[in-house]
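K.L.:
Next up, start.tsv (TSV, C-alpha atoms and all ligand atoms).
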chain	number	residue	atom	x	y	z
V	1	MET	CA	-11.71	-13.86	-0.24
V	2	ILE	CA	-13.91	-15.70	2.20
V	3	SER	CA	-16.10	-12.88	3.44
V	4	LYS	CA	-17.25	-13.05	7.05
V	5	GLN	CA	-20.74	-11.86	6.16
V	6	ALA	CA	-21.12	-14.24	3.22
V	7	ILE	CA	-19.98	-17.34	5.10
V	8	THR	CA	-22.14	-16.51	8.13
V	9	ALA	CA	-25.19	-15.90	5.92
V	10	TYR	CA	-24.58	-19.14	4.01
V	11	CYS	CA	-24.42	-21.17	7.26
V	12	LYS	CA	-27.65	-19.58	8.44
V	13	GLU	CA	-29.42	-20.22	5.16
V	14	LYS	CA	-28.35	-23.89	5.04
V	15	GLY	CA	-28.95	-24.55	8.74
V	16	ILE	CA	-25.23	-25.20	9.36
V	17	PRO	CA	-24.19	-24.40	12.97
V	18	SER	CA	-22.54	-20.97	13.24
V	19	PHE	CA	-19.36	-22.39	14.81
V	20	ARG	CA	-18.53	-23.82	11.37
V	21	ALA	CA	-18.23	-20.26	10.00
V	22	LYS	CA	-15.80	-19.46	12.81
V	23	GLN	CA	-13.76	-22.59	12.08
V	24	ILE	CA	-13.54	-21.66	8.41
V	25	LEU	CA	-12.50	-18.06	9.06
V	26	HIS	CA	-9.88	-19.23	11.56
V	27	ALA	CA	-8.51	-21.77	9.09
V	28	PHE	CA	-8.11	-19.27	6.23
V	29	TYR	CA	-7.08	-16.16	8.14
V	30	LYS	CA	-5.07	-17.53	11.05
V	31	GLU	CA	-3.74	-20.90	9.93
V	32	GLY	CA	-3.09	-20.09	6.27
V	33	ARG	CA	-5.20	-22.96	4.87
V	34	ARG	CA	-5.41	-22.60	1.13
V	35	ASN	CA	-8.31	-24.90	0.37
V	36	PHE	CA	-11.48	-26.20	2.06
V	37	THR	CA	-10.12	-29.74	1.84
V	38	GLU	CA	-7.24	-28.67	4.10
V	39	ILE	CA	-9.68	-27.87	6.92
V	40	SER	CA	-9.67	-31.24	8.65
V	41	VAL	CA	-12.19	-30.24	11.33
V	42	LEU	CA	-14.83	-29.85	8.61
V	43	PRO	CA	-16.75	-32.99	7.58
V	44	ARG	CA	-16.15	-34.03	3.95
V	45	ASP	CA	-19.63	-33.06	2.77
V	46	LEU	CA	-19.21	-29.54	4.17
V	47	GLN	CA	-15.76	-29.20	2.62
V	48	LYS	CA	-17.35	-30.02	-0.72
V	49	SER	CA	-20.38	-27.80	-0.39
V	50	PHE	CA	-18.40	-24.75	0.83
V	51	GLY	CA	-15.69	-25.36	-1.77
V	52	GLY	CA	-18.29	-25.29	-4.55
V	53	VAL	CA	-19.67	-21.92	-3.46
V	54	PHE	CA	-16.74	-19.89	-2.13
V	55	PRO	CA	-13.59	-19.22	-4.14
V	56	ILE	CA	-10.64	-18.52	-1.83
V	57	PHE	CA	-9.31	-15.54	-3.78
V	58	SER	CA	-10.79	-13.03	-6.19
V	59	PHE	CA	-7.83	-13.49	-8.55
V	60	GLU	CA	-5.37	-15.99	-9.93
V	61	VAL	CA	-1.62	-15.67	-9.75
V	62	ALA	CA	-0.30	-14.89	-13.24
V	63	ARG	CA	3.38	-14.53	-12.38
V	64	GLU	CA	5.61	-14.25	-9.34
V	65	VAL	CA	9.20	-13.13	-8.98
V	66	VAL	CA	11.42	-13.22	-5.92
V	67	SER	CA	14.38	-10.83	-5.58
V	68	GLN	CA	17.87	-12.31	-5.43
V	69	THR	CA	18.11	-11.60	-1.73
V	70	GLY	CA	14.72	-13.25	-1.12
V	71	ASP	CA	13.45	-10.21	0.77
V	72	THR	CA	10.98	-9.03	-1.88
V	73	ILE	CA	8.26	-10.94	-3.69
V	74	LYS	CA	6.32	-9.32	-6.51
V	75	THR	CA	3.18	-11.03	-7.70
V	76	LEU	CA	1.11	-10.30	-10.76
V	77	PHE	CA	-2.55	-11.04	-10.05
V	78	LYS	CA	-5.10	-11.70	-12.80
V	79	LEU	CA	-8.53	-10.45	-11.78
V	80	HIS	CA	-11.84	-12.07	-12.77
V	81	ASP	CA	-12.15	-9.72	-15.78
V	82	GLY	CA	-8.62	-10.44	-17.00
V	83	LYS	CA	-7.17	-7.14	-15.72
V	84	LEU	CA	-3.77	-7.32	-14.07
V	85	ILE	CA	-2.47	-5.76	-10.87
V	86	GLU	CA	0.69	-6.15	-8.85
V	87	GLY	CA	1.29	-6.51	-5.13
V	88	VAL	CA	4.62	-6.64	-3.33
V	89	LEU	CA	5.71	-8.30	-0.09
V	90	MET	CA	8.79	-6.82	1.59
V	91	ARG	CA	10.42	-8.79	4.39
V	92	PHE	CA	12.55	-6.52	6.56
V	93	ARG	CA	15.24	-7.73	8.95
V	94	ASP	CA	13.44	-6.26	11.94
V	95	ASN	CA	10.56	-8.78	11.51
V	96	ARG	CA	8.33	-6.39	9.61
V	97	ASN	CA	6.51	-8.10	6.76
V	98	SER	CA	5.03	-5.28	4.80
V	99	VAL	CA	2.69	-5.56	1.82
V	100	CYS	CA	2.42	-2.74	-0.67
V	101	VAL	CA	-1.07	-3.03	-2.15
V	102	SER	CA	-2.61	-1.67	-5.31
V	103	SER	CA	-5.92	0.17	-4.99
V	104	GLN	CA	-6.66	0.66	-8.69
V	105	VAL	CA	-5.79	-1.05	-11.96
V	106	GLY	CA	-3.29	1.44	-13.39
V	107	CYS	CA	-3.42	5.09	-12.34
V	108	GLY	CA	-4.69	8.19	-14.07
V	109	LEU	CA	-2.54	10.72	-12.26
V	110	LYS	CA	0.50	10.36	-14.47
V	111	CYS	CA	3.27	11.47	-12.12
V	112	ALA	CA	6.18	11.84	-14.54
V	113	PHE	CA	8.62	9.65	-12.58
V	114	CYS	CA	6.20	6.75	-12.00
V	115	ALA	CA	5.98	3.68	-14.22
V	116	THR	CA	2.41	2.93	-13.10
V	117	GLY	CA	1.28	6.37	-14.29
V	118	THR	CA	2.12	5.39	-17.88
V	119	MET	CA	-0.63	2.74	-17.81
V	120	GLY	CA	-3.44	5.25	-17.32
V	121	PHE	CA	-6.50	4.54	-15.18
V	122	ILE	CA	-8.31	1.29	-15.98
V	123	ARG	CA	-10.65	0.64	-13.03
V	124	ASN	CA	-11.02	0.76	-9.26
V	125	LEU	CA	-10.41	-2.38	-7.20
V	126	THR	CA	-13.03	-3.71	-4.82
V	127	ALA	CA	-12.31	-3.97	-1.10
V	128	GLU	CA	-11.98	-7.73	-1.48
V	129	GLU	CA	-9.52	-7.43	-4.35
V	130	ILE	CA	-7.41	-5.12	-2.19
V	131	ALA	CA	-7.56	-7.22	1.00
V	132	ASP	CA	-6.94	-10.41	-1.00
V	133	GLN	CA	-3.48	-9.13	-1.94
V	134	VAL	CA	-2.61	-9.08	1.77
V	135	LEU	CA	-4.24	-12.45	2.49
V	136	TYR	CA	-2.34	-13.95	-0.44
V	137	PHE	CA	1.03	-12.84	0.99
V	138	ASP	CA	0.01	-13.92	4.49
V	139	HIS	CA	-0.56	-17.42	3.06
V	140	TRP	CA	2.72	-17.14	1.15
V	141	LEU	CA	4.59	-16.47	4.39
V	142	LYS	CA	2.88	-19.31	6.22
V	143	LYS	CA	3.96	-21.65	3.44
V	144	ASN	CA	7.52	-20.39	2.94
V	145	GLU	CA	8.69	-18.90	6.25
V	146	LYS	CA	10.00	-21.44	8.74
V	147	ASN	CA	10.30	-19.02	11.64
V	148	LYS	CA	6.81	-18.92	13.17
V	149	LEU	CA	7.49	-15.47	14.63
V	150	ARG	CA	7.90	-14.12	11.12
V	151	ASP	CA	5.15	-15.88	9.22
V	152	ARG	CA	2.50	-13.21	8.99
V	153	VAL	CA	1.94	-9.88	7.32
V	154	ASN	CA	2.03	-7.16	9.96
V	155	HIS	CA	2.22	-3.92	7.94
V	156	VAL	CA	0.28	-2.70	4.93
V	157	ILE	CA	0.92	0.35	2.81
V	158	PHE	CA	-1.37	1.64	0.08
V	159	MET	CA	1.41	2.67	-2.24
V	160	GLY	CA	1.11	0.22	-5.11
V	161	MET	CA	-0.78	0.98	-8.29
V	162	GLY	CA	-3.32	3.75	-8.07
V	163	GLU	CA	-4.35	6.71	-5.95
V	164	PRO	CA	-6.19	5.30	-2.91
V	165	PHE	CA	-8.27	8.43	-2.30
V	166	LEU	CA	-9.77	8.18	-5.78
V	167	ASN	CA	-11.18	4.83	-4.62
V	168	TYR	CA	-11.97	5.99	-1.10
V	169	GLU	CA	-14.97	3.83	-0.14
V	170	GLU	CA	-13.44	0.51	-1.21
V	171	VAL	CA	-10.09	1.39	0.35
V	172	MET	CA	-11.75	2.12	3.70
V	173	LYS	CA	-13.80	-1.10	3.48
V	174	SER	CA	-10.60	-3.03	2.83
V	175	VAL	CA	-8.98	-1.40	5.87
V	176	LYS	CA	-11.84	-2.80	7.99
V	177	ILE	CA	-11.17	-6.30	6.62
V	178	LEU	CA	-7.43	-5.99	7.27
V	179	ASN	CA	-8.04	-4.70	10.78
V	180	ASP	CA	-10.78	-7.18	11.82
V	181	PRO	CA	-9.37	-9.41	14.62
V	182	ASP	CA	-11.34	-12.40	13.26
V	183	LEU	CA	-9.74	-11.90	9.85
V	184	LEU	CA	-6.23	-10.54	9.19
V	185	GLY	CA	-6.06	-8.60	12.46
V	186	ILE	CA	-3.48	-6.07	11.30
V	187	ALA	CA	-3.23	-3.14	13.73
V	188	ALA	CA	-4.63	0.08	12.28
V	189	ARG	CA	-1.43	1.84	13.35
V	190	HIS	CA	0.44	-0.48	11.00
V	191	ILE	CA	-1.68	0.48	7.99
V	192	THR	CA	-0.68	3.52	5.94
V	193	VAL	CA	-2.62	5.16	3.15
V	194	SER	CA	-0.46	7.23	0.85
V	195	THR	CA	-1.96	9.97	-1.30
V	196	SER	CA	-0.48	12.17	-3.97
V	197	GLY	CA	-2.48	15.02	-2.47
V	198	VAL	CA	-6.19	14.43	-3.11
V	199	ILE	CA	-7.56	16.97	-0.65
V	200	PRO	CA	-11.16	15.63	-0.34
V	201	GLY	CA	-9.71	12.26	0.72
V	202	ILE	CA	-7.61	13.89	3.44
V	203	GLU	CA	-10.66	15.77	4.68
V	204	LYS	CA	-12.76	12.59	4.77
V	205	LEU	CA	-10.06	10.60	6.54
V	206	ALA	CA	-9.88	13.28	9.22
V	207	GLN	CA	-13.53	12.51	10.05
V	208	GLU	CA	-13.01	8.72	10.36
V	209	LYS	CA	-12.66	6.97	13.68
V	210	THR	CA	-9.53	5.12	12.72
V	211	GLN	CA	-5.90	5.11	13.70
V	212	ILE	CA	-4.47	4.37	10.27
V	213	ASN	CA	-1.57	6.53	9.11
V	214	LEU	CA	-1.60	9.16	6.42
V	215	ALA	CA	1.34	9.69	4.08
V	216	ILE	CA	1.54	12.51	1.57
V	217	SER	CA	3.64	12.21	-1.56
V	218	ILE	CA	4.82	15.79	-1.62
V	219	HIS	CA	8.00	15.46	-3.73
V	220	ALA	CA	8.48	19.25	-4.15
V	221	PRO	CA	8.26	22.21	-1.76
V	222	ASN	CA	6.69	24.73	-4.14
V	223	GLN	CA	3.80	24.84	-6.57
V	224	THR	CA	5.85	25.59	-9.72
V	225	LEU	CA	8.14	22.60	-9.35
V	226	ARG	CA	5.48	20.24	-8.02
V	227	GLU	CA	3.11	20.71	-10.91
V	228	LYS	CA	5.95	20.11	-13.38
V	229	PHE	CA	6.07	16.41	-12.58
V	230	MET	CA	2.83	15.85	-10.64
V	231	PRO	CA	-0.14	16.96	-12.77
V	232	ILE	CA	-2.48	16.42	-9.77
V	233	ALA	CA	-0.86	19.52	-8.23
V	234	LYS	CA	-2.74	21.66	-10.74
V	235	ALA	CA	-6.07	20.44	-9.38
V	236	TYR	CA	-5.04	20.49	-5.72
V	237	LYS	CA	-2.66	23.39	-5.17
V	238	LEU	CA	0.16	23.08	-2.65
V	239	ASP	CA	-1.03	25.86	-0.33
V	240	ALA	CA	-4.51	24.27	-0.12
V	241	LEU	CA	-2.92	20.86	0.42
V	242	ILE	CA	-0.80	22.11	3.33
V	243	LYS	CA	-3.89	23.75	4.82
V	244	ALA	CA	-5.81	20.46	4.61
V	245	ILE	CA	-2.92	18.55	6.21
V	246	LYS	CA	-2.70	21.01	9.09
V	247	ALA	CA	-6.46	20.66	9.64
V	248	TYR	CA	-6.08	16.86	9.57
V	249	ILE	CA	-3.32	16.96	12.21
V	250	GLN	CA	-5.32	19.33	14.37
V	251	LYS	CA	-8.41	17.12	14.22
V	252	THR	CA	-6.74	13.71	14.61
V	253	HIS	CA	-3.58	14.57	16.59
V	254	ARG	CA	-1.85	12.08	14.36
V	255	ARG	CA	1.55	12.54	12.81
V	256	VAL	CA	1.70	12.60	9.01
V	257	SER	CA	4.55	11.37	6.83
V	258	TYR	CA	5.78	13.36	3.88
V	259	GLU	CA	7.15	11.17	1.14
V	260	TYR	CA	9.84	12.84	-0.97
V	261	VAL	CA	11.35	10.94	-3.87
V	262	MET	CA	14.89	12.17	-4.50
V	263	LEU	CA	15.30	12.97	-8.21
V	264	LYS	CA	18.75	14.04	-9.35
V	265	ASN	CA	18.99	17.72	-10.35
V	266	ILE	CA	15.20	18.06	-10.13
V	267	ASN	CA	14.20	18.32	-6.47
V	268	ASP	CA	17.38	17.45	-4.53
V	269	SER	CA	19.12	20.82	-4.01
V	270	GLU	CA	19.99	22.32	-0.63
V	271	ASN	CA	17.77	25.32	-1.35
V	272	LEU	CA	14.79	23.05	-1.92
V	273	ALA	CA	15.56	21.23	1.34
V	274	ARG	CA	15.39	24.57	3.16
V	275	GLU	CA	12.19	25.48	1.34
V	276	LEU	CA	10.63	22.16	2.34
V	277	ALA	CA	11.73	22.63	5.94
V	278	LYS	CA	10.10	26.06	6.08
V	279	LEU	CA	6.92	24.75	4.48
V	280	ILE	CA	6.32	21.99	7.03
V	281	LYS	CA	8.17	23.22	10.11
V	282	GLY	CA	6.09	23.11	13.28
V	283	GLN	CA	3.80	20.36	11.98
V	284	GLN	CA	3.50	17.00	13.72
V	285	CYS	CA	5.27	15.28	10.87
V	286	HIS	CA	8.10	13.20	9.61
V	287	VAL	CA	9.83	13.14	6.23
V	288	ASN	CA	10.66	9.96	4.39
V	289	LEU	CA	13.27	10.50	1.69
V	290	ILE	CA	12.93	7.89	-1.03
V	291	PRO	CA	15.96	7.02	-3.15
V	292	TYR	CA	14.59	6.94	-6.70
V	293	ASN	CA	14.57	3.59	-8.42
V	294	GLU	CA	15.49	4.27	-12.00
V	295	THR	CA	13.15	3.05	-14.73
V	296	TYR	CA	12.97	3.89	-18.43
V	297	LEU	CA	11.38	7.26	-17.65
V	298	GLY	CA	14.55	9.33	-17.77
V	299	PHE	CA	14.87	10.37	-14.12
V	300	SER	CA	17.99	9.57	-12.09
V	301	ASN	CA	18.66	8.70	-8.48
V	302	ALA	CA	19.98	11.71	-6.55
V	303	GLY	CA	22.70	9.56	-4.96
V	304	LYS	CA	23.71	9.03	-1.36
V	305	SER	CA	25.64	12.25	-0.75
V	306	ARG	CA	22.84	14.50	-2.08
V	307	ILE	CA	20.27	12.54	-0.06
V	308	ASP	CA	22.41	12.80	3.09
V	309	GLY	CA	22.88	16.54	2.54
V	310	PHE	CA	19.12	17.01	2.09
V	311	ARG	CA	18.44	15.01	5.24
V	312	GLU	CA	20.93	17.05	7.30
V	313	ILE	CA	19.30	20.33	6.29
V	314	LEU	CA	15.85	19.07	7.30
V	315	GLU	CA	17.25	17.79	10.60
V	316	SER	CA	18.83	21.18	11.28
V	317	PHE	CA	15.24	22.49	11.35
V	318	ASP	CA	14.37	19.75	13.91
V	319	ILE	CA	12.32	17.78	11.40
V	320	PRO	CA	12.54	13.99	11.89
V	321	VAL	CA	13.77	12.30	8.71
V	322	THR	CA	14.29	8.74	7.55
V	323	VAL	CA	15.76	7.50	4.31
V	324	ARG	CA	13.77	4.60	2.96
V	325	VAL	CA	15.44	1.22	2.62
V	326	SER	CA	14.72	0.26	-0.94
V	327	LEU	CA	14.07	-3.41	-1.58
V	328	GLY	CA	13.25	-5.26	-4.77
V	329	GLN	CA	15.06	-3.11	-7.33
V	330	ASP	CA	16.22	-6.15	-9.28
V	331	ILE	CA	12.60	-7.21	-9.92
V	332	SER	CA	11.14	-3.74	-10.59
V	333	ALA	CA	9.14	-3.94	-7.40
V	334	ALA	CA	10.44	-0.82	-5.77
V	335	CYS	CA	8.50	2.40	-5.33
V	336	GLY	CA	7.55	3.95	-8.68
V	337	GLN	CA	8.42	0.82	-10.61
V	338	LEU	CA	5.12	-1.02	-10.56
V	339	ALA	CA	3.73	-1.36	-14.06
V	340	ILE	CA	2.44	-4.38	-15.86
V	341	ASN	CA	4.59	-3.98	-18.96
V	342	PRO	CA	7.55	-1.83	-18.00
V	343	LYS	CA	9.46	-0.82	-21.10
V	344	PRO	CA	13.11	-1.95	-21.22
M	401	LIG	S1	3.05	7.91	-8.10
M	401	LIG	FE1	1.10	7.09	-7.36
M	401	LIG	S2	-0.38	8.71	-7.92
M	401	LIG	FE2	1.46	9.11	-9.15
M	401	LIG	S3	1.07	8.03	-11.10
M	401	LIG	FE3	2.20	6.63	-9.75
M	401	LIG	S4	0.61	5.38	-8.77
M	401	LIG	FE4	-0.38	7.22	-9.60
Re-express the file's structure as structure tokens.
Ligand code: SF4

P.N.:
Amino acid sequence: MISKQAITAYCKEKGIPSFRAKQILHAFYKEGRRNFTEISVLPRDLQKSFGGVFPIFSFEVAREVVSQTGDTIKTLFKLHDGKLIEGVLMRFRDNRNSVCVSSQVGCGLKCAFCATGTMGFIRNLTAEEIADQVLYFDHWLKKNEKNKLRDRVNHVIFMGMGEPFLNYEEVMKSVKILNDPDLLGIAARHITVSTSGVIPGIEKLAQEKTQINLAISIHAPNQTLREKFMPIAKAYKLDALIKAIKAYIQKTHRRVSYEYVMLKNINDSENLARELAKLIKGQQCHVNLIPYNETYLGFSNAGKSRIDGFREILESFDIPVTVRVSLGQDISAACGQLAINPKP
């Protein structure tokens, strides 16, 4: 990543006029230039000297797969220390280009239905490593998308590998990079951080002056069931989590999303739908039902009729509900499928 601070400081130190820093940032972040030699407004000697000092990305691309429909691109990035992470670009028909970013290498929370959880925690990503995933896909779109109205990333969701609130500082720094109008310029309202329920992170976010969205992976409406497949629920109990969410809504006046992955015969019954409705009723919230993408982990998709029935019960309690459109299943890029070496 070409950092704004680093490039500005370098120009100052070398006595290069500051407008050169602006030209460079514009070329990489707005025009999708992928190399200093592509910046024709820069004299050759400056192209060379900047190119020798500033790598464009903090990783290399190790592998890339595109879904059959072309709407999902999953890229395996190799970091400077050889560790691997994945990022996913989803191109929706309504002109949304959404990137699902990883915030950690692996994840230590071990949700039973999640392929990433089987990797364990390896390390936190830096803000640059996170923002670079978005810049990479922004460049990808500028290279591959012919329609100029659709050639930039406009939504980001922290729902790839890792628990973002266990890497809070770097995640918030990356949000600043994504949001900076001189850099990627993605509206804060189009950035969503999704947590499995790390209460201190929710409390900290409530204190931030930001308009980013909060999503909670709730997945079960009671403590007994939740802790069966989400070990984090033992550390952060459901009643305390709901209390923290209510406090967040009260402080920020922002709507939260509850993510609920629909697992066949586990959490998809009508009774559980009613229990969920009672748990969250009256909150400024919205529920996103996620059809489960089957992996080797032994869980099954609840199926359309069970999902529709669940949705109808929530709606009968006046709770707004959407059912997520799932892209990228054929390349294991869908929610819960990100893992470097998924077993067959
Ligand atoms: S669902 Fe999220 S928090 Fe749970 S193991 Fe997977 S990556 Fe970690």

K.L.:
Find the nearest atom pair between each residue of range 283-324 of chain V and range 261-275 of chain V for residues within 9 Å, count all atoms listed in the file, give distances in Å to one decimal, sort rows by chain and ascending number, and present the table as a Markdown table.

P.N.:
| residue | atom | partner | partner_atom | distance |
| --- | --- | --- | --- | --- |
| V:Asn288 | CA | V:Val261 | CA | 8.3 |
| V:Leu289 | CA | V:Val261 | CA | 5.9 |
| V:Ile290 | CA | V:Val261 | CA | 4.5 |
| V:Pro291 | CA | V:Met262 | CA | 5.4 |
| V:Tyr292 | CA | V:Met262 | CA | 5.7 |
| V:Phe299 | CA | V:Leu263 | CA | 6.5 |
| V:Ser300 | CA | V:Lys264 | CA | 5.3 |
| V:Asn301 | CA | V:Lys264 | CA | 5.4 |
| V:Ala302 | CA | V:Lys264 | CA | 3.8 |
| V:Gly303 | CA | V:Lys264 | CA | 7.4 |
| V:Arg306 | CA | V:Asp268 | CA | 6.7 |
| V:Ile307 | CA | V:Met262 | CA | 7.0 |
| V:Gly309 | CA | V:Glu270 | CA | 7.2 |
| V:Phe310 | CA | V:Ala273 | CA | 5.6 |
| V:Arg311 | CA | V:Ala273 | CA | 7.9 |
| V:Ile313 | CA | V:Ala273 | CA | 6.3 |
| V:Leu314 | CA | V:Ala273 | CA | 6.3 |
| V:Phe317 | CA | V:Arg274 | CA | 8.5 |

K.L.:
Residues within 9 Å of ligand LIG 401 (chain M), counting all atoms listed in the file: report them as a ChimeraX atom specification.

P.N.:
/V:102,104,106-121,159-164,194-197,217,230-232,335-338

K.L.:
If you take every atom of range 20-34 of chain V that the file lists and fit an axis-aligned box around them with 8 Å extra on each side, what centre and edge lengths come out in Å to one decimal, as lines of an AutoDock Vina configuration file?

P.N.:
center_x = -10.8
center_y = -20.0
center_z = 7.0
size_x = 31.4
size_y = 23.7
size_z = 27.7

K.L.:
Which of these residues is nearest to Gln207 in chain V, using all atoms listed in the file: V:His26, V:Lys243, V:His155, V:Lys251?

P.N.:
V:Lys251

K.L.:
Using all atoms listed in the file, which of the listed residues (V:Leu225, V:Ile199, V:Leu89, V:Ala131) sits closest to Val65 in chain V?

P.N.:
V:Leu89

K.L.:
If we count all atoms listed in the file, what is near Glu169 in chain V at a cut-off of 10 Å, once residues fewer than 5 positions away on the same chain are taken out, given as a PyMOL selection string?

P.N.:
chain V and resi 126-127+164+174-175+201

K.L.:
Would you work out the distance separating CA of Leu76 in chain V from CA of Val61 in chain V, expressed in Å to one decimal?

P.N.:
6.1 Å

K.L.:
Quick one: distance from CA of Gly51 in chain V to CA of Ile24 in chain V in Å, one decimal?

P.N.:
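CA of Ile24 in chain V lies at a distance of 11.0 Å from CA of Gly51 in chain V.
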
K.L.:
One number please: CA of Met90 in chain V to CA of Ile73 in chain V, in Å, one decimal.

P.N.:
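Taking CA of Met90 in chain V as the start and CA of Ile73 in chain V as the end point, the length is 6.7 Å.
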
K.L.:
Compare V:Ile245, V:Met1, V:Val101, V:Leu84 by their minimum atom-to-atom distance to Glu128 in chain V, counting all atoms listed in the file, and give me the closest one.

P.N.:
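Smallest distance to Glu128 in chain V is found for V:Met1.
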
K.L.:
Just the residues within 9 Å of Asp132 in chain V, please, counting all atoms listed in the file, with nothing from its chain fewer than 3 positions along; format it as a VMD selection string.

P.N.:
chain V and resid 1 56 to 59 127 to 129 135 to 137

K.L.:
Choose the residue, out of V:Arg189, V:Arg33, V:Arg63, V:Lys246, that has the smallest atom-to-atom separation from Thr75 in chain V; count all atoms listed in the file.

P.N.:
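Distance minimum relative to Thr75 in chain V lands on V:Arg63.
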
K.L.:
Extract, using all atoms listed in the file, all DNA, RNA and protein residues at most 6 Å from range 218-221 of chain V, discarding same-chain residues fewer than 2 positions from it, and format them as an mmCIF file with C-alpha atoms, in the coordinates of the input.

P.N.:
data_model
loop_
_atom_site.group_PDB
_atom_site.id
_atom_site.type_symbol
_atom_site.label_atom_id
_atom_site.label_comp_id
_atom_site.auth_asym_id
_atom_site.auth_seq_id
_atom_site.Cartn_x
_atom_site.Cartn_y
_atom_site.Cartn_z
ATOM 1 C CA ILE V 216 1.540 12.510 1.570
ATOM 2 C CA ARG V 226 5.480 20.240 -8.020
ATOM 3 C CA GLU V 259 7.150 11.170 1.140
ATOM 4 C CA TYR V 260 9.840 12.840 -0.970
ATOM 5 C CA VAL V 261 11.350 10.940 -3.870
ATOM 6 C CA GLU V 275 12.190 25.480 1.340
ATOM 7 C CA LEU V 276 10.630 22.160 2.340
#

K.L.:
Find the residues near range 3-14 of chain V: any atom within 9 Å, counting all atoms listed in the file, skip ones fewer than 3 places away on the same chain, and give them as a PyMOL selection string.

P.N.:
chain V and resi 17-18+20-22+24-25+50+54+128+177+182-183

K.L.:
Measuring between all atoms listed in the file, which one of V:Val256, V:Ile242, V:Ala233, V:Val105 shows the shortest distance to Lys278 in chain V?

P.N.:
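Closest residue, counting all atoms listed in the file: V:Ile242.
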
K.L.:
Using only C-alpha atoms, find the one residue out of V:Val88, V:Gly32, V:Ser103, V:Val193 that sits nearest to Asn144 in chain V.

P.N.:
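Using only C-alpha atoms, the shortest distance to Asn144 in chain V belongs to V:Gly32.
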